[in-house]
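Engineer: Sharing upload22.txt (compact mmCIF, N, CA and C atoms) below.
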# COMPACT_ATOMS: atom_id res chain seq x y z
N MET I 869 0.84 -1.18 0.00
CA MET I 869 0.00 0.00 0.00
C MET I 869 0.88 1.24 0.00
N THR I 870 0.68 2.08 -0.97
CA THR I 870 1.46 3.30 -1.04
C THR I 870 0.70 4.43 -0.36
N LYS I 871 1.46 5.31 0.27
CA LYS I 871 0.84 6.45 0.93
C LYS I 871 0.92 7.64 -0.01
N ASN I 872 -0.22 8.09 -0.44
CA ASN I 872 -0.27 9.23 -1.35
C ASN I 872 -0.15 10.53 -0.57
N ARG I 873 0.61 11.45 -1.14
CA ARG I 873 0.71 12.77 -0.52
C ARG I 873 -0.42 13.68 -1.00
N ILE I 874 -0.85 13.50 -2.25
CA ILE I 874 -1.97 14.26 -2.78
C ILE I 874 -2.95 13.28 -3.42
N PRO I 875 -4.24 13.61 -3.45
CA PRO I 875 -5.20 12.71 -4.09
C PRO I 875 -4.94 12.57 -5.59
N GLU I 876 -5.25 11.43 -6.13
CA GLU I 876 -5.07 11.16 -7.55
C GLU I 876 -6.30 11.67 -8.30
N TRP I 877 -6.35 12.97 -8.53
CA TRP I 877 -7.52 13.57 -9.17
C TRP I 877 -7.68 13.10 -10.60
N LEU I 878 -6.59 12.82 -11.28
CA LEU I 878 -6.66 12.39 -12.67
C LEU I 878 -7.43 11.06 -12.79
N SER I 879 -7.20 10.15 -11.85
CA SER I 879 -7.92 8.88 -11.92
C SER I 879 -9.41 9.07 -11.64
N LEU I 880 -9.77 10.06 -10.84
CA LEU I 880 -11.19 10.35 -10.61
C LEU I 880 -11.83 10.90 -11.88
N ILE I 881 -11.10 11.74 -12.59
CA ILE I 881 -11.60 12.26 -13.87
C ILE I 881 -11.75 11.13 -14.88
N GLU I 882 -10.78 10.21 -14.89
CA GLU I 882 -10.86 9.06 -15.80
C GLU I 882 -12.07 8.19 -15.49
N ILE I 883 -12.37 7.99 -14.21
CA ILE I 883 -13.56 7.21 -13.83
C ILE I 883 -14.81 7.89 -14.37
N GLY I 884 -14.90 9.20 -14.20
CA GLY I 884 -16.07 9.94 -14.69
C GLY I 884 -16.22 9.86 -16.19
N LEU I 885 -15.11 10.04 -16.90
CA LEU I 885 -15.17 9.97 -18.36
C LEU I 885 -15.51 8.56 -18.86
N ALA I 886 -14.92 7.55 -18.24
CA ALA I 886 -15.18 6.17 -18.67
C ALA I 886 -16.65 5.80 -18.44
N PHE I 887 -17.18 6.13 -17.28
CA PHE I 887 -18.56 5.77 -17.01
C PHE I 887 -19.53 6.64 -17.81
N GLY I 888 -19.14 7.89 -18.11
CA GLY I 888 -19.96 8.71 -19.00
C GLY I 888 -20.01 8.12 -20.40
N ALA I 889 -18.88 7.63 -20.88
CA ALA I 889 -18.84 6.99 -22.20
C ALA I 889 -19.68 5.72 -22.20
N LEU I 890 -19.61 4.96 -21.11
CA LEU I 890 -20.45 3.75 -21.02
C LEU I 890 -21.93 4.09 -21.07
N LEU I 891 -22.32 5.20 -20.46
CA LEU I 891 -23.72 5.62 -20.52
C LEU I 891 -24.14 5.95 -21.94
N VAL I 892 -23.27 6.65 -22.68
CA VAL I 892 -23.59 7.00 -24.07
C VAL I 892 -23.72 5.74 -24.90
N VAL I 893 -22.80 4.81 -24.74
CA VAL I 893 -22.84 3.55 -25.51
C VAL I 893 -24.10 2.75 -25.14
N GLU I 894 -24.41 2.70 -23.87
CA GLU I 894 -25.57 1.93 -23.40
C GLU I 894 -26.87 2.50 -23.97
N GLN I 895 -26.96 3.82 -24.09
CA GLN I 895 -28.18 4.43 -24.62
C GLN I 895 -28.35 4.16 -26.11
N ARG I 896 -27.25 3.95 -26.82
CA ARG I 896 -27.33 3.72 -28.26
C ARG I 896 -27.58 2.26 -28.63
N LEU I 897 -27.38 1.34 -27.68
CA LEU I 897 -27.59 -0.07 -27.99
C LEU I 897 -29.08 -0.40 -27.95
N PRO I 898 -29.53 -1.29 -28.85
CA PRO I 898 -30.97 -1.61 -28.93
C PRO I 898 -31.36 -2.70 -27.92
N PHE I 899 -31.69 -2.29 -26.71
CA PHE I 899 -32.14 -3.23 -25.69
C PHE I 899 -33.60 -2.97 -25.38
N SER I 900 -34.25 -4.00 -24.82
CA SER I 900 -35.62 -3.81 -24.37
C SER I 900 -35.61 -2.89 -23.15
N PRO I 901 -36.75 -2.28 -22.83
CA PRO I 901 -36.78 -1.40 -21.66
C PRO I 901 -36.37 -2.10 -20.36
N ALA I 902 -36.72 -3.37 -20.21
CA ALA I 902 -36.35 -4.10 -19.00
C ALA I 902 -34.83 -4.31 -18.94
N ALA I 903 -34.24 -4.70 -20.07
CA ALA I 903 -32.78 -4.89 -20.10
C ALA I 903 -32.07 -3.56 -19.90
N ASP I 904 -32.63 -2.50 -20.47
CA ASP I 904 -32.04 -1.17 -20.31
C ASP I 904 -32.06 -0.76 -18.84
N MET I 905 -33.15 -1.04 -18.14
CA MET I 905 -33.25 -0.70 -16.72
C MET I 905 -32.20 -1.47 -15.92
N TRP I 906 -32.05 -2.77 -16.19
CA TRP I 906 -31.07 -3.57 -15.45
C TRP I 906 -29.64 -3.14 -15.75
N LEU I 907 -29.37 -2.75 -16.99
CA LEU I 907 -28.04 -2.24 -17.32
C LEU I 907 -27.75 -0.93 -16.57
N LEU I 908 -28.76 -0.06 -16.46
CA LEU I 908 -28.56 1.19 -15.72
C LEU I 908 -28.37 0.93 -14.23
N ILE I 909 -29.08 -0.04 -13.69
CA ILE I 909 -28.90 -0.39 -12.27
C ILE I 909 -27.48 -0.92 -12.06
N GLY I 910 -27.03 -1.81 -12.96
CA GLY I 910 -25.67 -2.33 -12.86
C GLY I 910 -24.63 -1.23 -13.02
N TRP I 911 -24.89 -0.29 -13.96
CA TRP I 911 -23.97 0.84 -14.16
C TRP I 911 -23.87 1.67 -12.89
N THR I 912 -25.01 1.90 -12.24
CA THR I 912 -25.02 2.70 -11.01
C THR I 912 -24.19 2.05 -9.92
N PHE I 913 -24.38 0.74 -9.74
CA PHE I 913 -23.59 0.03 -8.72
C PHE I 913 -22.09 0.07 -9.04
N LEU I 914 -21.75 -0.15 -10.30
CA LEU I 914 -20.34 -0.11 -10.69
C LEU I 914 -19.75 1.29 -10.51
N PHE I 915 -20.52 2.32 -10.87
CA PHE I 915 -20.04 3.69 -10.74
C PHE I 915 -19.77 4.04 -9.27
N TYR I 916 -20.75 3.78 -8.41
CA TYR I 916 -20.55 4.10 -7.00
C TYR I 916 -19.47 3.22 -6.38
N GLY I 917 -19.33 1.99 -6.85
CA GLY I 917 -18.25 1.13 -6.37
C GLY I 917 -16.89 1.68 -6.77
N ALA I 918 -16.78 2.18 -8.00
CA ALA I 918 -15.51 2.76 -8.46
C ALA I 918 -15.19 4.03 -7.67
N ILE I 919 -16.19 4.86 -7.41
CA ILE I 919 -15.96 6.08 -6.62
C ILE I 919 -15.57 5.71 -5.19
N GLY I 920 -16.25 4.72 -4.61
CA GLY I 920 -15.90 4.27 -3.26
C GLY I 920 -14.48 3.71 -3.20
N HIS I 921 -14.08 2.99 -4.23
CA HIS I 921 -12.72 2.46 -4.29
C HIS I 921 -11.71 3.60 -4.39
N TRP I 922 -12.03 4.62 -5.21
CA TRP I 922 -11.12 5.77 -5.33
C TRP I 922 -10.99 6.49 -3.99
N ILE I 923 -12.10 6.66 -3.29
CA ILE I 923 -12.06 7.34 -1.98
C ILE I 923 -11.24 6.53 -0.99
N SER I 924 -11.41 5.21 -0.97
CA SER I 924 -10.65 4.39 -0.02
C SER I 924 -9.16 4.41 -0.35
N ARG I 925 -8.80 4.45 -1.63
CA ARG I 925 -7.38 4.51 -2.01
C ARG I 925 -6.76 5.86 -1.69
N ASN I 926 -7.56 6.92 -1.71
CA ASN I 926 -7.04 8.27 -1.51
C ASN I 926 -7.45 8.86 -0.17
N GLN I 927 -7.90 8.04 0.75
CA GLN I 927 -8.42 8.52 2.03
C GLN I 927 -7.37 9.32 2.81
N ILE I 928 -6.18 8.79 2.92
CA ILE I 928 -5.14 9.46 3.70
C ILE I 928 -4.78 10.80 3.04
N ALA I 929 -4.66 10.80 1.72
CA ALA I 929 -4.31 12.04 1.02
C ALA I 929 -5.44 13.07 1.15
N LEU I 930 -6.69 12.62 1.12
CA LEU I 930 -7.81 13.54 1.26
C LEU I 930 -7.85 14.15 2.65
N GLU I 931 -7.54 13.35 3.66
CA GLU I 931 -7.55 13.86 5.03
C GLU I 931 -6.42 14.85 5.28
N ARG I 932 -5.34 14.74 4.53
CA ARG I 932 -4.20 15.64 4.71
C ARG I 932 -4.35 16.94 3.93
N GLN I 933 -5.40 17.07 3.13
CA GLN I 933 -5.61 18.30 2.38
C GLN I 933 -5.85 19.45 3.35
N PRO I 934 -5.37 20.65 3.02
CA PRO I 934 -5.63 21.80 3.89
C PRO I 934 -7.11 22.15 3.89
N ALA I 935 -7.54 22.79 4.97
CA ALA I 935 -8.94 23.19 5.08
C ALA I 935 -9.27 24.19 3.97
N PRO I 936 -10.47 24.06 3.36
CA PRO I 936 -10.83 24.99 2.29
C PRO I 936 -11.01 26.41 2.83
N ARG I 937 -10.62 27.37 2.02
CA ARG I 937 -10.72 28.78 2.42
C ARG I 937 -11.38 29.58 1.30
N ASP I 938 -12.02 30.68 1.68
CA ASP I 938 -12.63 31.54 0.67
C ASP I 938 -11.58 32.48 0.09
N CYS I 939 -11.99 33.40 -0.77
CA CYS I 939 -11.03 34.26 -1.46
C CYS I 939 -10.31 35.22 -0.51
N ALA I 940 -10.87 35.45 0.67
CA ALA I 940 -10.21 36.33 1.64
C ALA I 940 -9.33 35.55 2.60
N GLY I 941 -9.27 34.23 2.46
CA GLY I 941 -8.42 33.41 3.31
C GLY I 941 -9.09 32.92 4.58
N ARG I 942 -10.39 33.15 4.71
CA ARG I 942 -11.11 32.67 5.90
C ARG I 942 -11.54 31.22 5.68
N SER I 943 -11.61 30.48 6.76
CA SER I 943 -12.01 29.08 6.68
C SER I 943 -13.48 28.98 6.27
N ILE I 944 -13.77 28.08 5.33
CA ILE I 944 -15.13 27.90 4.86
C ILE I 944 -15.88 26.90 5.73
N ILE I 945 -15.24 25.81 6.05
CA ILE I 945 -15.86 24.74 6.82
C ILE I 945 -15.36 24.82 8.24
N GLU I 946 -16.29 24.79 9.19
CA GLU I 946 -15.90 24.81 10.59
C GLU I 946 -15.40 23.42 10.95
N CYS I 947 -14.17 23.32 11.35
CA CYS I 947 -13.55 22.02 11.59
C CYS I 947 -13.93 21.39 12.92
N ASP I 948 -14.50 22.15 13.82
CA ASP I 948 -14.85 21.62 15.12
C ASP I 948 -16.31 21.91 15.44
N PRO I 949 -17.25 21.29 14.69
CA PRO I 949 -18.65 21.57 14.94
C PRO I 949 -19.11 20.96 16.26
N VAL I 950 -20.07 21.59 16.89
CA VAL I 950 -20.63 21.09 18.13
C VAL I 950 -21.91 20.34 17.79
N SER I 951 -22.01 19.13 18.26
CA SER I 951 -23.16 18.30 17.97
C SER I 951 -24.38 18.79 18.75
N GLU I 952 -25.54 18.65 18.14
CA GLU I 952 -26.77 19.03 18.83
C GLU I 952 -27.12 18.04 19.93
N PHE I 953 -26.46 16.90 19.94
CA PHE I 953 -26.79 15.87 20.91
C PHE I 953 -25.91 15.93 22.16
N GLU I 954 -24.95 16.83 22.18
CA GLU I 954 -24.12 17.00 23.36
C GLU I 954 -24.88 17.86 24.37
N PRO I 955 -24.74 17.58 25.67
CA PRO I 955 -25.51 18.32 26.67
C PRO I 955 -25.28 19.83 26.62
N ASP I 956 -24.04 20.28 26.42
CA ASP I 956 -23.78 21.72 26.39
C ASP I 956 -24.48 22.39 25.23
N SER I 957 -24.47 21.74 24.08
CA SER I 957 -25.07 22.37 22.92
C SER I 957 -26.59 22.39 23.04
N ILE I 958 -27.17 21.38 23.71
CA ILE I 958 -28.61 21.38 23.92
C ILE I 958 -28.99 22.56 24.80
N MET I 959 -28.18 22.80 25.82
CA MET I 959 -28.45 23.91 26.72
C MET I 959 -28.33 25.24 25.98
N SER I 960 -27.27 25.41 25.18
CA SER I 960 -27.12 26.66 24.46
C SER I 960 -28.20 26.81 23.40
N HIS I 961 -28.63 25.71 22.79
CA HIS I 961 -29.70 25.75 21.81
C HIS I 961 -31.00 26.20 22.48
N GLN I 962 -31.26 25.69 23.67
CA GLN I 962 -32.46 26.10 24.41
C GLN I 962 -32.38 27.58 24.79
N MET I 963 -31.20 28.05 25.19
CA MET I 963 -31.04 29.46 25.55
C MET I 963 -31.26 30.36 24.34
N LYS I 964 -30.80 29.93 23.16
CA LYS I 964 -31.02 30.72 21.95
C LYS I 964 -32.51 30.80 21.62
N GLN I 965 -33.21 29.67 21.79
CA GLN I 965 -34.65 29.68 21.52
C GLN I 965 -35.37 30.59 22.51
N ASP I 966 -34.98 30.57 23.78
CA ASP I 966 -35.60 31.44 24.77
C ASP I 966 -35.34 32.90 24.44
N HIS I 967 -34.11 33.21 23.99
CA HIS I 967 -33.77 34.58 23.64
C HIS I 967 -34.59 35.04 22.44
N ARG I 968 -34.76 34.17 21.45
CA ARG I 968 -35.56 34.53 20.28
C ARG I 968 -37.02 34.75 20.66
N ALA I 969 -37.53 33.94 21.58
CA ALA I 969 -38.92 34.08 22.00
C ALA I 969 -39.13 35.37 22.77
N ALA I 970 -38.13 35.83 23.51
CA ALA I 970 -38.26 37.04 24.32
C ALA I 970 -38.17 38.30 23.47
N ARG I 971 -37.54 38.22 22.29
CA ARG I 971 -37.41 39.40 21.43
C ARG I 971 -38.74 39.74 20.79
N PRO I 972 -39.08 41.00 20.74
CA PRO I 972 -40.30 41.36 20.00
C PRO I 972 -40.03 41.22 18.50
N THR I 973 -41.01 40.68 17.81
CA THR I 973 -40.81 40.48 16.38
C THR I 973 -41.08 41.76 15.59
N ALA I 974 -42.04 42.56 16.02
CA ALA I 974 -42.34 43.80 15.32
C ALA I 974 -41.89 44.96 16.18
N GLN I 975 -40.86 45.62 15.75
CA GLN I 975 -40.38 46.76 16.51
C GLN I 975 -40.94 48.04 15.89
N PRO I 976 -41.40 48.97 16.74
CA PRO I 976 -41.94 50.21 16.19
C PRO I 976 -40.84 51.03 15.54
N ILE I 977 -41.21 51.71 14.51
CA ILE I 977 -40.25 52.57 13.81
C ILE I 977 -40.32 53.95 14.45
N THR I 978 -39.20 54.41 14.94
CA THR I 978 -39.15 55.74 15.54
C THR I 978 -38.33 56.64 14.65
N PRO I 979 -38.82 57.85 14.41
CA PRO I 979 -38.04 58.75 13.55
C PRO I 979 -36.79 59.22 14.26
N ARG I 980 -35.72 59.35 13.48
CA ARG I 980 -34.48 59.86 14.04
C ARG I 980 -34.56 61.37 14.19
N SER I 981 -33.95 61.83 15.24
CA SER I 981 -33.92 63.29 15.39
C SER I 981 -32.87 63.86 14.43
N GLU I 982 -33.28 64.85 13.67
CA GLU I 982 -32.37 65.43 12.69
C GLU I 982 -31.63 66.59 13.34
N VAL I 983 -30.35 66.59 13.15
CA VAL I 983 -29.51 67.65 13.70
C VAL I 983 -29.32 68.69 12.60
N ALA I 984 -29.63 69.97 12.92
CA ALA I 984 -29.55 71.02 11.93
C ALA I 984 -28.21 71.68 11.91
What's the structure tokens form of this structure?
Structural biologist:
Amino acid sequence: MTKNRIPEWLSLIEIGLAFGALLVVEQRLPFSPAADMWLLIGWTFLFYGAIGHWISRNQIALERQPAPRDCAGRSIIECDPVSEFEPDSIMSHQMKQDHRAARPTAQPITPRSEVA
């Protein structure tokens, strides 16, 4: 087993192109609707199996990828999410709901005083 430093993106593209070509060929062959359905079901299983195999081969390299960032350099995905099922988060979730319930939904509009 080799340890990849970066994911093999080219092989993922090849999987997509190969299975896309198989779909085009399958649509052009003269099969009955039942045979066509079974071929598409088989194609689906093979496609997801190939993608699953690619992910398992590149798992270490994918985990070592840097966290995605937006154009300003801020992190896009929060790497340490808090589960809703943890006791602390349930308490904070309840407090947020209580705070929202206490806020008035319709606030009166008051005119600003104009300084001359």
Engineer: Report, in Å with one decimal, the straight-line distance from atom N of Ile919 in chain I to atom C of Arg873 in chain I.
Structural biologist: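 Atom C of Arg873 in chain I lies at a distance of 19.2 Å from atom N of Ile919 in chain I.
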Engineer: Can you measure atom C of Ala929 in chain I to atom N of Pro875 in chain I for me? One decimal in Å is fine.
Structural biologist: 4.8 Å
Engineer: Just to confirm, what's the straight-line distance from atom C of Gln895 in chain I to CA of Ala918 in chain I in Å (one decimal)?
Structural biologist: 21.9 Å
Engineer: Enumerate, as a ChimeraX atom specification, the protein, DNA and RNA residues whose atoms approach (-12.2, 5.9, -10.8) to within 6.5 Å, taking into account all atoms listed in the file and the coordinate frame of the file.
Structural biologist: /I:879-884,918-919,922
Engineer: Considering all atoms listed in the file, state which residue in the set I:Ile928, I:Leu908, I:Arg896, I:Asp938 is at the smallest distance from Ile874 in chain I.
Structural biologist: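 Among the listed residues, the smallest separation from Ile874 in chain I belongs to I:Ile928.
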